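See below for data-v4.pdb, which holds PDB, C-alpha atoms.
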```
ATOM      1  CA  MET F   1      12.691  26.610 -21.209
ATOM      2  CA  SER F   2      15.820  25.665 -23.156
ATOM      3  CA  SER F   3      19.534  25.166 -22.587
ATOM      4  CA  PRO F   4      22.650  25.841 -24.647
ATOM      5  CA  GLN F   5      22.402  22.208 -25.766
ATOM      6  CA  GLY F   6      18.989  22.985 -27.277
ATOM      7  CA  ILE F   7      16.982  20.955 -24.754
ATOM      8  CA  GLU F   8      13.494  22.474 -24.777
ATOM      9  CA  VAL F   9      11.223  21.845 -21.811
ATOM     10  CA  PRO F  10       7.566  22.362 -22.781
ATOM     11  CA  ASP F  11       5.980  25.431 -21.198
ATOM     12  CA  ALA F  12       3.120  23.360 -19.761
ATOM     13  CA  LEU F  13       5.528  21.178 -17.795
ATOM     14  CA  VAL F  14       7.466  24.202 -16.535
ATOM     15  CA  ALA F  15       4.209  25.837 -15.461
ATOM     16  CA  SER F  16       3.067  22.678 -13.671
ATOM     17  CA  TYR F  17       6.188  22.502 -11.539
ATOM     18  CA  THR F  18       6.482  26.227 -10.853
ATOM     19  CA  ARG F  19       2.770  26.826 -10.227
ATOM     20  CA  ASN F  20       2.036  23.795  -8.069
ATOM     21  CA  GLY F  21       5.416  23.119  -6.495
ATOM     22  CA  GLY F  22       7.713  24.634  -3.937
ATOM     23  CA  GLU F  23      11.382  25.502  -4.070
ATOM     24  CA  GLU F  24      12.462  21.882  -4.559
ATOM     25  CA  GLU F  25      10.204  21.449  -7.590
ATOM     26  CA  GLN F  26      11.288  24.755  -9.109
ATOM     27  CA  THR F  27      14.939  23.856  -8.675
ATOM     28  CA  TRP F  28      14.394  20.493 -10.339
ATOM     29  CA  ILE F  29      12.632  21.924 -13.369
ATOM     30  CA  ALA F  30      15.333  24.593 -13.751
ATOM     31  CA  ARG F  31      18.026  21.869 -13.805
ATOM     32  CA  LEU F  32      16.114  19.635 -16.206
ATOM     33  CA  PRO F  33      17.748  20.752 -19.499
ATOM     34  CA  ALA F  34      21.228  20.182 -18.064
ATOM     35  CA  LEU F  35      20.182  16.785 -16.681
ATOM     36  CA  VAL F  36      18.857  15.696 -20.067
ATOM     37  CA  ALA F  37      22.081  16.778 -21.759
ATOM     38  CA  GLU F  38      24.153  14.886 -19.198
ATOM     39  CA  LEU F  39      22.157  11.662 -19.627
ATOM     40  CA  LEU F  40      22.307  11.893 -23.411
ATOM     41  CA  GLY F  41      26.068  11.995 -23.147
ATOM     42  CA  ARG F  42      26.458   9.361 -20.445
ATOM     43  CA  TRP F  43      24.223   6.825 -22.172
ATOM     44  CA  GLU F  44      25.505   7.766 -25.651
ATOM     45  CA  LEU F  45      22.061   8.657 -26.904
ATOM     46  CA  GLU F  46      21.152  10.688 -29.962
ATOM     47  CA  ARG F  47      17.964  12.711 -30.005
ATOM     48  CA  ASP F  48      15.459  11.356 -32.485
ATOM     49  CA  GLY F  49      12.391  13.568 -32.521
ATOM     50  CA  GLY F  50      10.562  16.291 -30.694
ATOM     51  CA  ILE F  51      10.451  16.409 -26.906
ATOM     52  CA  GLY F  52       7.111  15.606 -25.295
ATOM     53  CA  SER F  53       5.727  15.766 -21.781
ATOM     54  CA  GLY F  54       2.979  14.427 -19.574
ATOM     55  CA  GLU F  55       1.520  15.968 -16.450
ATOM     56  CA  ALA F  56       4.744  15.528 -14.509
ATOM     57  CA  SER F  57       7.362  14.022 -16.842
ATOM     58  CA  LEU F  58       9.548  14.854 -19.818
ATOM     59  CA  VAL F  59      10.001  12.324 -22.636
ATOM     60  CA  VAL F  60      12.858  12.596 -25.133
ATOM     61  CA  PRO F  61      12.825  10.261 -28.179
ATOM     62  CA  VAL F  62      16.353   8.905 -28.693
ATOM     63  CA  ARG F  63      18.456   6.339 -30.555
ATOM     64  CA  ARG F  64      21.070   4.164 -28.887
ATOM     65  CA  THR F  65      24.502   3.351 -30.269
ATOM     66  CA  ASP F  66      23.118   0.176 -31.874
ATOM     67  CA  ASP F  67      20.504   2.361 -33.626
ATOM     68  CA  THR F  68      17.579   0.978 -31.634
ATOM     69  CA  ARG F  69      14.908   3.514 -30.786
ATOM     70  CA  ALA F  70      14.212   4.359 -27.147
ATOM     71  CA  ALA F  71      12.610   7.000 -24.957
ATOM     72  CA  LEU F  72      14.362   8.888 -22.162
ATOM     73  CA  LYS F  73      11.840   9.739 -19.447
ATOM     74  CA  LEU F  74      12.544  12.126 -16.575
ATOM     75  CA  GLN F  75      10.320  12.925 -13.625
ATOM     76  CA  MET F  76      11.082  14.444 -10.258
ATOM     77  CA  PRO F  77      11.884  11.548  -7.889
ATOM     78  CA  ARG F  78       8.909  10.712  -5.675
ATOM     79  CA  GLU F  79       7.415   7.633  -4.046
ATOM     80  CA  GLU F  80       5.421   6.847  -7.196
ATOM     81  CA  THR F  81       8.482   7.011  -9.461
ATOM     82  CA  THR F  82      10.250   4.501  -7.228
ATOM     83  CA  ALA F  83       7.170   2.271  -7.287
ATOM     84  CA  ALA F  84       7.043   2.483 -11.079
ATOM     85  CA  LEU F  85      10.631   1.280 -11.324
ATOM     86  CA  ILE F  86       9.911  -1.628  -8.976
ATOM     87  CA  GLY F  87       6.860  -2.544 -11.026
ATOM     88  CA  LEU F  88       8.618  -2.401 -14.386
ATOM     89  CA  ARG F  89      11.329  -4.710 -13.093
ATOM     90  CA  ALA F  90       8.843  -7.153 -11.580
ATOM     91  CA  TRP F  91       6.607  -7.256 -14.675
ATOM     92  CA  ASN F  92       9.716  -7.690 -16.828
ATOM     93  CA  VAL F  93       8.133  -6.643 -20.166
ATOM     94  CA  ASP F  94       5.063  -8.898 -19.737
ATOM     95  CA  GLY F  95       2.344  -6.654 -21.145
ATOM     96  CA  ILE F  96       4.214  -3.461 -20.336
ATOM     97  CA  VAL F  97       6.936  -1.226 -21.769
ATOM     98  CA  ARG F  98      10.505  -2.556 -21.453
ATOM     99  CA  LEU F  99      12.916  -0.891 -18.997
ATOM    100  CA  LEU F 100      16.304  -0.507 -20.715
ATOM    101  CA  ASP F 101      18.283   1.510 -18.171
ATOM    102  CA  HIS F 102      17.852   3.534 -14.988
ATOM    103  CA  ASP F 103      19.746   6.324 -13.262
ATOM    104  CA  PRO F 104      19.320   5.885  -9.476
ATOM    105  CA  GLU F 105      20.359   9.432  -8.606
ATOM    106  CA  SER F 106      17.941  11.324 -10.851
ATOM    107  CA  GLY F 107      15.285   8.641 -11.218
ATOM    108  CA  ALA F 108      15.497   8.904 -15.012
ATOM    109  CA  VAL F 109      14.611   5.806 -17.021
ATOM    110  CA  LEU F 110      15.384   4.678 -20.543
ATOM    111  CA  LEU F 111      12.442   2.812 -22.050
ATOM    112  CA  GLU F 112      11.726   1.000 -25.273
ATOM    113  CA  ARG F 113      10.084   3.330 -27.779
ATOM    114  CA  LEU F 114       6.401   2.718 -28.399
ATOM    115  CA  ASP F 115       4.109   4.500 -30.840
ATOM    116  CA  GLY F 116       3.040   7.550 -28.865
ATOM    117  CA  SER F 117       0.816   8.680 -31.713
ATOM    118  CA  ARG F 118      -1.443   5.617 -31.457
ATOM    119  CA  THR F 119      -3.137   4.802 -28.172
ATOM    120  CA  LEU F 120      -5.901   2.336 -27.453
ATOM    121  CA  ALA F 121      -8.304   5.289 -27.732
ATOM    122  CA  SER F 122      -7.763   5.126 -31.509
ATOM    123  CA  VAL F 123      -9.697   1.832 -31.684
ATOM    124  CA  GLU F 124     -13.256   2.724 -32.726
ATOM    125  CA  ASP F 125     -14.992  -0.363 -31.321
ATOM    126  CA  ASP F 126     -15.058   0.113 -27.545
ATOM    127  CA  ASP F 127     -15.573  -3.586 -26.868
ATOM    128  CA  VAL F 128     -12.431  -4.413 -28.853
ATOM    129  CA  ALA F 129     -10.418  -1.721 -27.072
ATOM    130  CA  MET F 130     -11.661  -2.720 -23.618
ATOM    131  CA  SER F 131     -10.971  -6.387 -24.299
ATOM    132  CA  ALA F 132      -7.381  -5.527 -25.243
ATOM    133  CA  LEU F 133      -6.995  -3.493 -22.058
ATOM    134  CA  ALA F 134      -8.502  -6.296 -19.992
ATOM    135  CA  GLY F 135      -6.012  -8.754 -21.450
ATOM    136  CA  LEU F 136      -3.101  -6.543 -20.452
ATOM    137  CA  MET F 137      -4.560  -5.982 -17.003
ATOM    138  CA  ALA F 138      -4.954  -9.718 -16.435
ATOM    139  CA  ARG F 139      -1.290 -10.253 -17.298
ATOM    140  CA  LEU F 140      -0.137  -7.456 -15.011
ATOM    141  CA  HIS F 141      -2.219  -8.773 -12.118
ATOM    142  CA  SER F 142      -0.806 -12.289 -12.527
ATOM    143  CA  VAL F 143       2.748 -11.272 -11.578
ATOM    144  CA  PRO F 144       3.558 -11.654  -7.847
ATOM    145  CA  ALA F 145       3.771  -8.303  -6.102
ATOM    146  CA  PRO F 146       7.039  -7.252  -4.432
ATOM    147  CA  GLU F 147       6.561  -6.725  -0.698
ATOM    148  CA  VAL F 148       8.144  -3.262  -0.795
ATOM    149  CA  LEU F 149       5.191  -1.696  -2.631
ATOM    150  CA  ARG F 150       2.447   0.208  -0.832
ATOM    151  CA  GLY F 151      -0.592  -1.809   0.180
ATOM    152  CA  LEU F 152      -4.221  -0.983  -0.489
ATOM    153  CA  GLY F 153      -5.150  -1.709   3.122
ATOM    154  CA  ASP F 154      -3.155   1.246   4.430
ATOM    155  CA  ILE F 155      -4.467   3.490   1.652
ATOM    156  CA  ALA F 156      -8.071   2.493   2.378
ATOM    157  CA  ARG F 157      -7.716   3.099   6.123
ATOM    158  CA  ASP F 158      -6.237   6.540   5.464
ATOM    159  CA  MET F 159      -9.166   7.297   3.171
ATOM    160  CA  LEU F 160     -11.706   6.323   5.810
ATOM    161  CA  ALA F 161      -9.975   8.520   8.374
ATOM    162  CA  SER F 162     -10.363  11.490   6.014
ATOM    163  CA  VAL F 163     -14.075  11.036   5.368
ATOM    164  CA  PRO F 164     -15.567  13.038   8.297
ATOM    165  CA  ALA F 165     -13.674  16.214   7.400
ATOM    166  CA  ALA F 166     -14.416  15.708   3.713
ATOM    167  CA  VAL F 167     -18.140  15.298   4.327
ATOM    168  CA  ALA F 168     -18.121  18.526   6.311
ATOM    169  CA  ALA F 169     -16.666  20.314   3.264
ATOM    170  CA  LEU F 170     -19.601  19.273   1.056
ATOM    171  CA  PRO F 171     -22.636  21.571   1.416
ATOM    172  CA  ASP F 172     -24.979  19.364  -0.647
ATOM    173  CA  PRO F 173     -26.691  16.666   1.494
ATOM    174  CA  GLU F 174     -26.814  14.353  -1.547
ATOM    175  CA  ASP F 175     -23.042  14.630  -1.962
ATOM    176  CA  GLN F 176     -22.620  13.939   1.739
ATOM    177  CA  ARG F 177     -24.814  10.861   1.392
ATOM    178  CA  ARG F 178     -22.761   9.630  -1.563
ATOM    179  CA  LEU F 179     -19.510   9.983   0.326
ATOM    180  CA  HIS F 180     -20.894   8.125   3.341
ATOM    181  CA  GLY F 181     -22.176   5.364   1.078
ATOM    182  CA  TRP F 182     -18.850   4.944  -0.685
ATOM    183  CA  ALA F 183     -17.059   4.931   2.674
ATOM    184  CA  SER F 184     -19.403   2.185   3.893
ATOM    185  CA  ALA F 185     -18.429   0.051   0.912
ATOM    186  CA  VAL F 186     -14.745   0.547   1.747
ATOM    187  CA  THR F 187     -15.369  -0.319   5.403
ATOM    188  CA  GLU F 188     -16.808  -3.671   4.332
ATOM    189  CA  LEU F 189     -13.740  -4.474   2.212
ATOM    190  CA  VAL F 190     -10.804  -2.935   4.071
ATOM    191  CA  GLY F 191     -10.064  -6.109   6.026
ATOM    192  CA  GLU F 192      -9.307  -8.012   2.796
ATOM    193  CA  PRO F 193      -7.348  -5.545   0.645
ATOM    194  CA  GLY F 194      -5.920  -8.131  -1.774
ATOM    195  CA  ASP F 195      -2.418  -9.131  -2.847
ATOM    196  CA  ARG F 196      -2.168  -8.481  -6.609
ATOM    197  CA  MET F 197       0.189  -5.956  -8.211
ATOM    198  CA  LEU F 198      -2.015  -3.211  -9.643
ATOM    199  CA  HIS F 199      -1.176  -0.707 -12.369
ATOM    200  CA  TRP F 200      -3.462   1.922 -10.719
ATOM    201  CA  ASP F 201      -3.794   4.068 -13.866
ATOM    202  CA  LEU F 202      -4.543   1.751 -16.786
ATOM    203  CA  HIS F 203      -6.750   3.584 -19.289
ATOM    204  CA  TYR F 204      -6.755   3.922 -23.068
ATOM    205  CA  ASP F 205      -4.161   6.699 -23.212
ATOM    206  CA  ASN F 206      -1.750   4.596 -21.134
ATOM    207  CA  VAL F 207      -1.813   1.748 -23.666
ATOM    208  CA  LEU F 208       0.335   2.366 -26.755
ATOM    209  CA  ALA F 209       0.858   0.491 -30.004
ATOM    210  CA  ALA F 210       4.160  -1.398 -30.140
ATOM    211  CA  GLU F 211       6.311  -3.522 -32.430
ATOM    212  CA  ARG F 212       6.808  -6.605 -30.270
ATOM    213  CA  GLU F 213       3.112  -6.731 -29.347
ATOM    214  CA  PRO F 214       0.042  -4.935 -30.686
ATOM    215  CA  TRP F 215      -0.419  -3.013 -27.413
ATOM    216  CA  LEU F 216       1.642  -2.393 -24.283
ATOM    217  CA  ALA F 217       0.924  -0.561 -21.030
ATOM    218  CA  ILE F 218       2.920   2.470 -19.881
ATOM    219  CA  ASP F 219       3.123   4.774 -16.857
ATOM    220  CA  PRO F 220       2.283   2.372 -14.012
ATOM    221  CA  GLU F 221       1.805   3.572 -10.432
ATOM    222  CA  PRO F 222       2.044   0.150  -8.777
ATOM    223  CA  LEU F 223       0.591  -0.865  -5.457
ATOM    224  CA  VAL F 224      -0.553  -4.157  -3.923
ATOM    225  CA  GLY F 225      -4.262  -4.778  -3.635
ATOM    226  CA  ASP F 226      -7.518  -6.163  -4.972
ATOM    227  CA  PRO F 227      -7.900  -6.136  -8.784
ATOM    228  CA  GLY F 228     -11.262  -4.407  -8.381
ATOM    229  CA  PHE F 229      -9.406  -1.271  -7.292
ATOM    230  CA  ASP F 230      -7.765  -1.176 -10.722
ATOM    231  CA  LEU F 231     -10.961  -0.910 -12.793
ATOM    232  CA  TRP F 232     -12.011   2.730 -12.471
ATOM    233  CA  PRO F 233      -9.515   4.312 -14.931
ATOM    234  CA  ALA F 234     -10.736   1.904 -17.610
ATOM    235  CA  LEU F 235     -14.406   2.529 -16.807
ATOM    236  CA  ASP F 236     -13.880   6.290 -16.972
ATOM    237  CA  THR F 237     -11.490   6.411 -19.928
ATOM    238  CA  GLY F 238     -12.420   8.965 -22.582
ATOM    239  CA  TRP F 239     -15.135  10.334 -20.303
ATOM    240  CA  GLU F 240     -15.779  13.629 -22.075
ATOM    241  CA  LYS F 241     -16.343  11.911 -25.418
ATOM    242  CA  LEU F 242     -18.322   9.167 -23.729
ATOM    243  CA  HIS F 243     -20.539  11.624 -21.843
ATOM    244  CA  ALA F 244     -21.237  13.574 -25.043
ATOM    245  CA  THR F 245     -22.856  10.489 -26.580
ATOM    246  CA  GLY F 246     -25.557  10.474 -23.910
ATOM    247  CA  ASP F 247     -24.979   6.740 -23.523
ATOM    248  CA  ALA F 248     -22.316   6.765 -20.805
ATOM    249  CA  PRO F 249     -24.147   4.559 -18.243
ATOM    250  CA  ARG F 250     -24.621   1.751 -20.765
ATOM    251  CA  VAL F 251     -20.987   1.872 -21.865
ATOM    252  CA  VAL F 252     -19.718   1.925 -18.269
ATOM    253  CA  ARG F 253     -21.860  -1.105 -17.431
ATOM    254  CA  ARG F 254     -20.636  -2.885 -20.558
ATOM    255  CA  ARG F 255     -17.016  -2.104 -19.705
ATOM    256  CA  PHE F 256     -17.533  -3.322 -16.136
ATOM    257  CA  ASP F 257     -19.013  -6.585 -17.428
ATOM    258  CA  LEU F 258     -16.117  -7.129 -19.860
ATOM    259  CA  LEU F 259     -13.465  -6.388 -17.255
ATOM    260  CA  THR F 260     -14.913  -8.475 -14.436
ATOM    261  CA  GLU F 261     -15.492 -11.432 -16.772
ATOM    262  CA  ALA F 262     -11.999 -11.258 -18.290
ATOM    263  CA  LEU F 263     -10.374 -10.961 -14.876
ATOM    264  CA  GLY F 264     -12.630 -13.507 -13.173
ATOM    265  CA  LEU F 265     -13.709 -11.047 -10.478
ATOM    266  CA  ASP F 266     -16.613 -11.174  -8.077
ATOM    267  CA  ARG F 267     -18.894  -8.425  -9.400
ATOM    268  CA  GLN F 268     -20.073  -7.092  -6.058
ATOM    269  CA  ARG F 269     -16.576  -6.987  -4.640
ATOM    270  CA  ALA F 270     -15.274  -5.292  -7.779
ATOM    271  CA  ALA F 271     -18.089  -2.742  -7.570
ATOM    272  CA  GLY F 272     -17.189  -2.034  -3.953
ATOM    273  CA  TRP F 273     -13.530  -1.424  -4.735
ATOM    274  CA  THR F 274     -14.553   0.789  -7.655
ATOM    275  CA  LEU F 275     -16.564   2.877  -5.194
ATOM    276  CA  ALA F 276     -13.336   3.082  -3.186
ATOM    277  CA  ARG F 277     -11.676   4.700  -6.204
ATOM    278  CA  LEU F 278     -14.542   7.186  -6.480
ATOM    279  CA  LEU F 279     -14.094   7.980  -2.800
ATOM    280  CA  GLN F 280     -10.361   8.454  -3.275
ATOM    281  CA  ASN F 281     -10.864  10.735  -6.276
ATOM    282  CA  THR F 282     -13.391  12.839  -4.393
ATOM    283  CA  LEU F 283     -11.149  13.150  -1.342
ATOM    284  CA  TRP F 284      -8.385  14.428  -3.616
ATOM    285  CA  ASP F 285     -10.812  16.894  -5.215
ATOM    286  CA  ILE F 286     -11.816  18.210  -1.809
ATOM    287  CA  GLU F 287      -8.167  18.608  -0.830
ATOM    288  CA  ASP F 288      -7.810  20.743  -3.967
ATOM    289  CA  GLY F 289     -10.673  22.978  -2.877
ATOM    290  CA  ARG F 290     -13.731  21.466  -4.598
ATOM    291  CA  THR F 291     -16.987  21.486  -2.657
ATOM    292  CA  THR F 292     -19.025  19.156  -4.880
ATOM    293  CA  VAL F 293     -18.720  15.567  -6.060
ATOM    294  CA  ASP F 294     -17.673  15.504  -9.715
ATOM    295  CA  PRO F 295     -20.622  14.415 -11.894
ATOM    296  CA  SER F 296     -18.455  11.795 -13.624
ATOM    297  CA  GLN F 297     -17.869  10.065 -10.269
ATOM    298  CA  THR F 298     -21.600  10.003  -9.583
ATOM    299  CA  ALA F 299     -22.350   8.690 -13.070
ATOM    300  CA  VAL F 300     -19.884   5.801 -12.729
ATOM    301  CA  ALA F 301     -21.273   4.919  -9.295
ATOM    302  CA  GLU F 302     -24.832   4.825 -10.613
ATOM    303  CA  ALA F 303     -23.822   2.568 -13.511
ATOM    304  CA  LEU F 304     -22.311  -0.085 -11.236
ATOM    305  CA  PRO F 305     -24.176  -3.126  -9.947
ATOM    306  CA  ARG F 306     -25.937  -2.257  -6.700
ATOM    307  CA  HIS F 307     -23.613  -2.896  -3.793
TER     308      HIS F 307
END
```

Write the structure described by the file as structure tokens, please.
Amino acid sequence: MSSPQGIEVPDALVASYTRNGGEEEQTWIARLPALVAELLGRWELERDGGIGSGEASLVVPVRRTDDTRAALKLQMPREETTAALIGLRAWNVDGIVRLLDHDPESGAVLLERLDGSRTLASVEDDDVAMSALAGLMARLHSVPAPEVLRGLGDIARDMLASVPAAVAALPDPEDQRRLHGWASAVTELVGEPGDRMLHWDLHYDNVLAAEREPWLAIDPEPLVGDPGFDLWPALDTGWEKLHATGDAPRVVRRRFDLLTEALGLDRQRAAGWTLARLLQNTLWDIEDGRTTVDPSQTAVAEALPRH
């Protein structure tokens, strides 16, 4: 999709919004080229490279009037985009990409430009990469969480309420047993959901090389909760490549050990909150029509310390 101003929206992003969304989403994606052109003019930005996209966002490399490089990011306004803005302001560049400007009406943000071609996945030694991620995570967790963010307690209670219907959608008794077991772990923890500000999606592809620091986090989906709930994306990162090695359980256990030690977490509690993430992922899968537990979820669960 393109506009007279030459703003090209990648086909994959157009398809995502038109295939999975309703009229509101389709209207937003149709207006996107004009919105980009308007923001380029308003913020006096010059395009500086090819347009990219993620699962739900458009990213336009730009230069500002002082010739500094930046990235214009646009995503349909939702609860998570508001949370991301709150998080970026609260973290205030400590271990995470810098927020340069924000358009309240459209939700668009102007961010410092990082090296999108080099993620933490490019580091060959997994211990080195995971240690770098753990260092960023520790810094993010150390910043006091704004009260306006969603809390893990409410999320966990909603998950538990969804379990009976989800179990009924799973024909395999072993899958049913897994879901009940993960729900039991959440039940034990739900009364103490934690008070740290979590990134919620910190994995290798969400850590980019930068100029002011070797690595910085991007794309947060902040909420308030226990740091153990933040571990799963890191444990699972690069799963297809990891699974192909035949050594996934050992690497997951090693990653878990590195993360819990670096963050000073109680291992059993962290394992329990990681099972909560597996439960959440599976509930989402079932909502999307799946009738089995994804093997990667089972593999991560089996690699954790016994809860």

Distance in Å - atom CA of F:Glu55 versus atom CA of F:Val14: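 Taking atom CA of F:Glu55 and atom CA of F:Val14, their separation equals 10.2 Å.
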
Which one of F:Leu120, F:Ala71, F:Leu100, F:Val148 sits closest to F:Ala134 if you count all atoms listed in the file?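 Nearest to F:Ala134: F:Leu120.
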
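Distances here use all atoms listed in the file; by that measure, the residue among F:Ala234, F:Leu198, F:Ile86, F:Leu72 closest to F:Val251 is F:Ala234.
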
Would you mind listing what lies within 10 Å of stretch 284-289 of chain F as a list in words, with all atoms listed in the file counted and same-chain residues fewer than 2 positions away left out?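 Non-adjacent residues within range: Met159, Ala165, Ala166, Val167, Ala169, Leu170, Leu278, Leu279, Gln280, Asn281, Thr282, Thr291, Thr292, Val293 and Asp294 of chain F.
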
Quick one: residues within 9 Å of stretch 190-192 of chain F, all atoms listed in the file, excluding same-chain residues fewer than 5 positions away - as a JSON list (two decimals) with C-alpha atoms, in the frame of the given file?
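Done, and the output landed in part-v1.json:
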```json
[["chain", "number", "residue", "atom", "x", "y", "z"],
["F", 152, "LEU", "CA", -4.22, -0.98, -0.49],
["F", 153, "GLY", "CA", -5.15, -1.71, 3.12],
["F", 154, "ASP", "CA", -3.16, 1.25, 4.43],
["F", 156, "ALA", "CA", -8.07, 2.49, 2.38],
["F", 157, "ARG", "CA", -7.72, 3.10, 6.12],
["F", 185, "ALA", "CA", -18.43, 0.05, 0.91],
["F", 225, "GLY", "CA", -4.26, -4.78, -3.64],
["F", 226, "ASP", "CA", -7.52, -6.16, -4.97]]
```

Can you tell me which residues surround F:Arg31 at a distance of at most 12 Å, considering only C-alpha atoms, apart from same-chain residues fewer than 2 positions away, and format the answer as number ranges by chain? F: 1-3, 7-9, 14, 24-29, 33-38, 74-76, 106

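Atom CA of F:Ser296 is found 8.5 Å from atom CA of F:His243.
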
Smallest atom-to-atom distance to F:Val97: which of F:Pro214, F:Gly246, F:Pro171, F:Gly238, using all atoms listed in the file? F:Pro214

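Between atom CA of F:Leu140 and atom CA of F:Trp43 the interatomic distance comes to 29.1 Å.
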
Identify, on the basis of all atoms listed in the file, every residue whose closest approach to F:Ala12 does not exceed 10 Å; exclude the query and any residue fewer than 2 positions from it along the same chain; express the result as a PyMOL selection string. chain F and resi 9-10+14-18+53-56

Residue IDs satisfying the PyMOL selection byres ((chain F and resi 44) around 12), as an MDAnalysis selection string: chainID F and resid 36:43 45:47 62:67 70 72 110

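Applied to the file shown here, the PyMOL selection byres ((chain F and resi 237) around 9) selects the residues Ala121, Leu202, His203, Tyr204, Asp205, Trp232, Pro233, Ala234, Leu235, Asp236, Gly238, Trp239, Glu240 and Leu242 of chain F.
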
For the selection you just gave me, I'd like the residues written to a file as a PDB file, in the frame of the given file, keeping C-alpha atoms.
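Listed below is the output, part_20.pdb:
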```pdb
ATOM      1  CA  ALA F 121      -8.304   5.289 -27.732  1.00  0.00           C
ATOM      2  CA  LEU F 202      -4.543   1.751 -16.786  1.00  0.00           C
ATOM      3  CA  HIS F 203      -6.750   3.584 -19.289  1.00  0.00           C
ATOM      4  CA  TYR F 204      -6.755   3.922 -23.068  1.00  0.00           C
ATOM      5  CA  ASP F 205      -4.161   6.699 -23.212  1.00  0.00           C
ATOM      6  CA  TRP F 232     -12.011   2.730 -12.471  1.00  0.00           C
ATOM      7  CA  PRO F 233      -9.515   4.312 -14.931  1.00  0.00           C
ATOM      8  CA  ALA F 234     -10.736   1.904 -17.610  1.00  0.00           C
ATOM      9  CA  LEU F 235     -14.406   2.529 -16.807  1.00  0.00           C
ATOM     10  CA  ASP F 236     -13.880   6.290 -16.972  1.00  0.00           C
ATOM     11  CA  GLY F 238     -12.420   8.965 -22.582  1.00  0.00           C
ATOM     12  CA  TRP F 239     -15.135  10.334 -20.303  1.00  0.00           C
ATOM     13  CA  GLU F 240     -15.779  13.629 -22.075  1.00  0.00           C
ATOM     14  CA  LEU F 242     -18.322   9.167 -23.729  1.00  0.00           C
TER      15      LEU F 242
END
```

Compare F:Ala209, F:Arg98, F:Leu283, F:Gln297 by their minimum atom-to-atom distance to F:Ser162, counting only C-alpha atoms, and give me the closest one. F:Leu283

Target residues per the PyMOL selection byres ((chain F and resi 262) around 10), formatted as a list of chain:residue names: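 This file gives the following for the PyMOL selection byres ((chain F and resi 262) around 10): F:Ser131, F:Leu133, F:Ala134, F:Gly135, F:Met137, F:Ala138, F:Phe256, F:Asp257, F:Leu258, F:Leu259, F:Thr260, F:Glu261, F:Leu263, F:Gly264, F:Leu265.
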
For the residues in the current selection, export C-alpha atoms as an mmCIF file, in the coordinates of the input.
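As written to disk, selection_39.cif reads:
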```cif
data_model
loop_
_atom_site.group_PDB
_atom_site.id
_atom_site.type_symbol
_atom_site.label_atom_id
_atom_site.label_comp_id
_atom_site.auth_asym_id
_atom_site.auth_seq_id
_atom_site.Cartn_x
_atom_site.Cartn_y
_atom_site.Cartn_z
ATOM 1 C CA SER F 131 -10.971 -6.387 -24.299
ATOM 2 C CA LEU F 133 -6.995 -3.493 -22.058
ATOM 3 C CA ALA F 134 -8.502 -6.296 -19.992
ATOM 4 C CA GLY F 135 -6.012 -8.754 -21.450
ATOM 5 C CA MET F 137 -4.560 -5.982 -17.003
ATOM 6 C CA ALA F 138 -4.954 -9.718 -16.435
ATOM 7 C CA PHE F 256 -17.533 -3.322 -16.136
ATOM 8 C CA ASP F 257 -19.013 -6.585 -17.428
ATOM 9 C CA LEU F 258 -16.117 -7.129 -19.860
ATOM 10 C CA LEU F 259 -13.465 -6.388 -17.255
ATOM 11 C CA THR F 260 -14.913 -8.475 -14.436
ATOM 12 C CA GLU F 261 -15.492 -11.432 -16.772
ATOM 13 C CA LEU F 263 -10.374 -10.961 -14.876
ATOM 14 C CA GLY F 264 -12.630 -13.507 -13.173
ATOM 15 C CA LEU F 265 -13.709 -11.047 -10.478
#
```

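The residue that comes closest to F:Asp115, out of F:Arg255, F:His102, F:Arg290, F:Arg69 and on the basis of only C-alpha atoms, is F:Arg69.
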
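With only C-alpha atoms as the atoms that count, the residue of F:Pro305, F:Pro61, F:Leu179, F:Arg254 with the shortest distance to F:Gly49 is F:Pro61.
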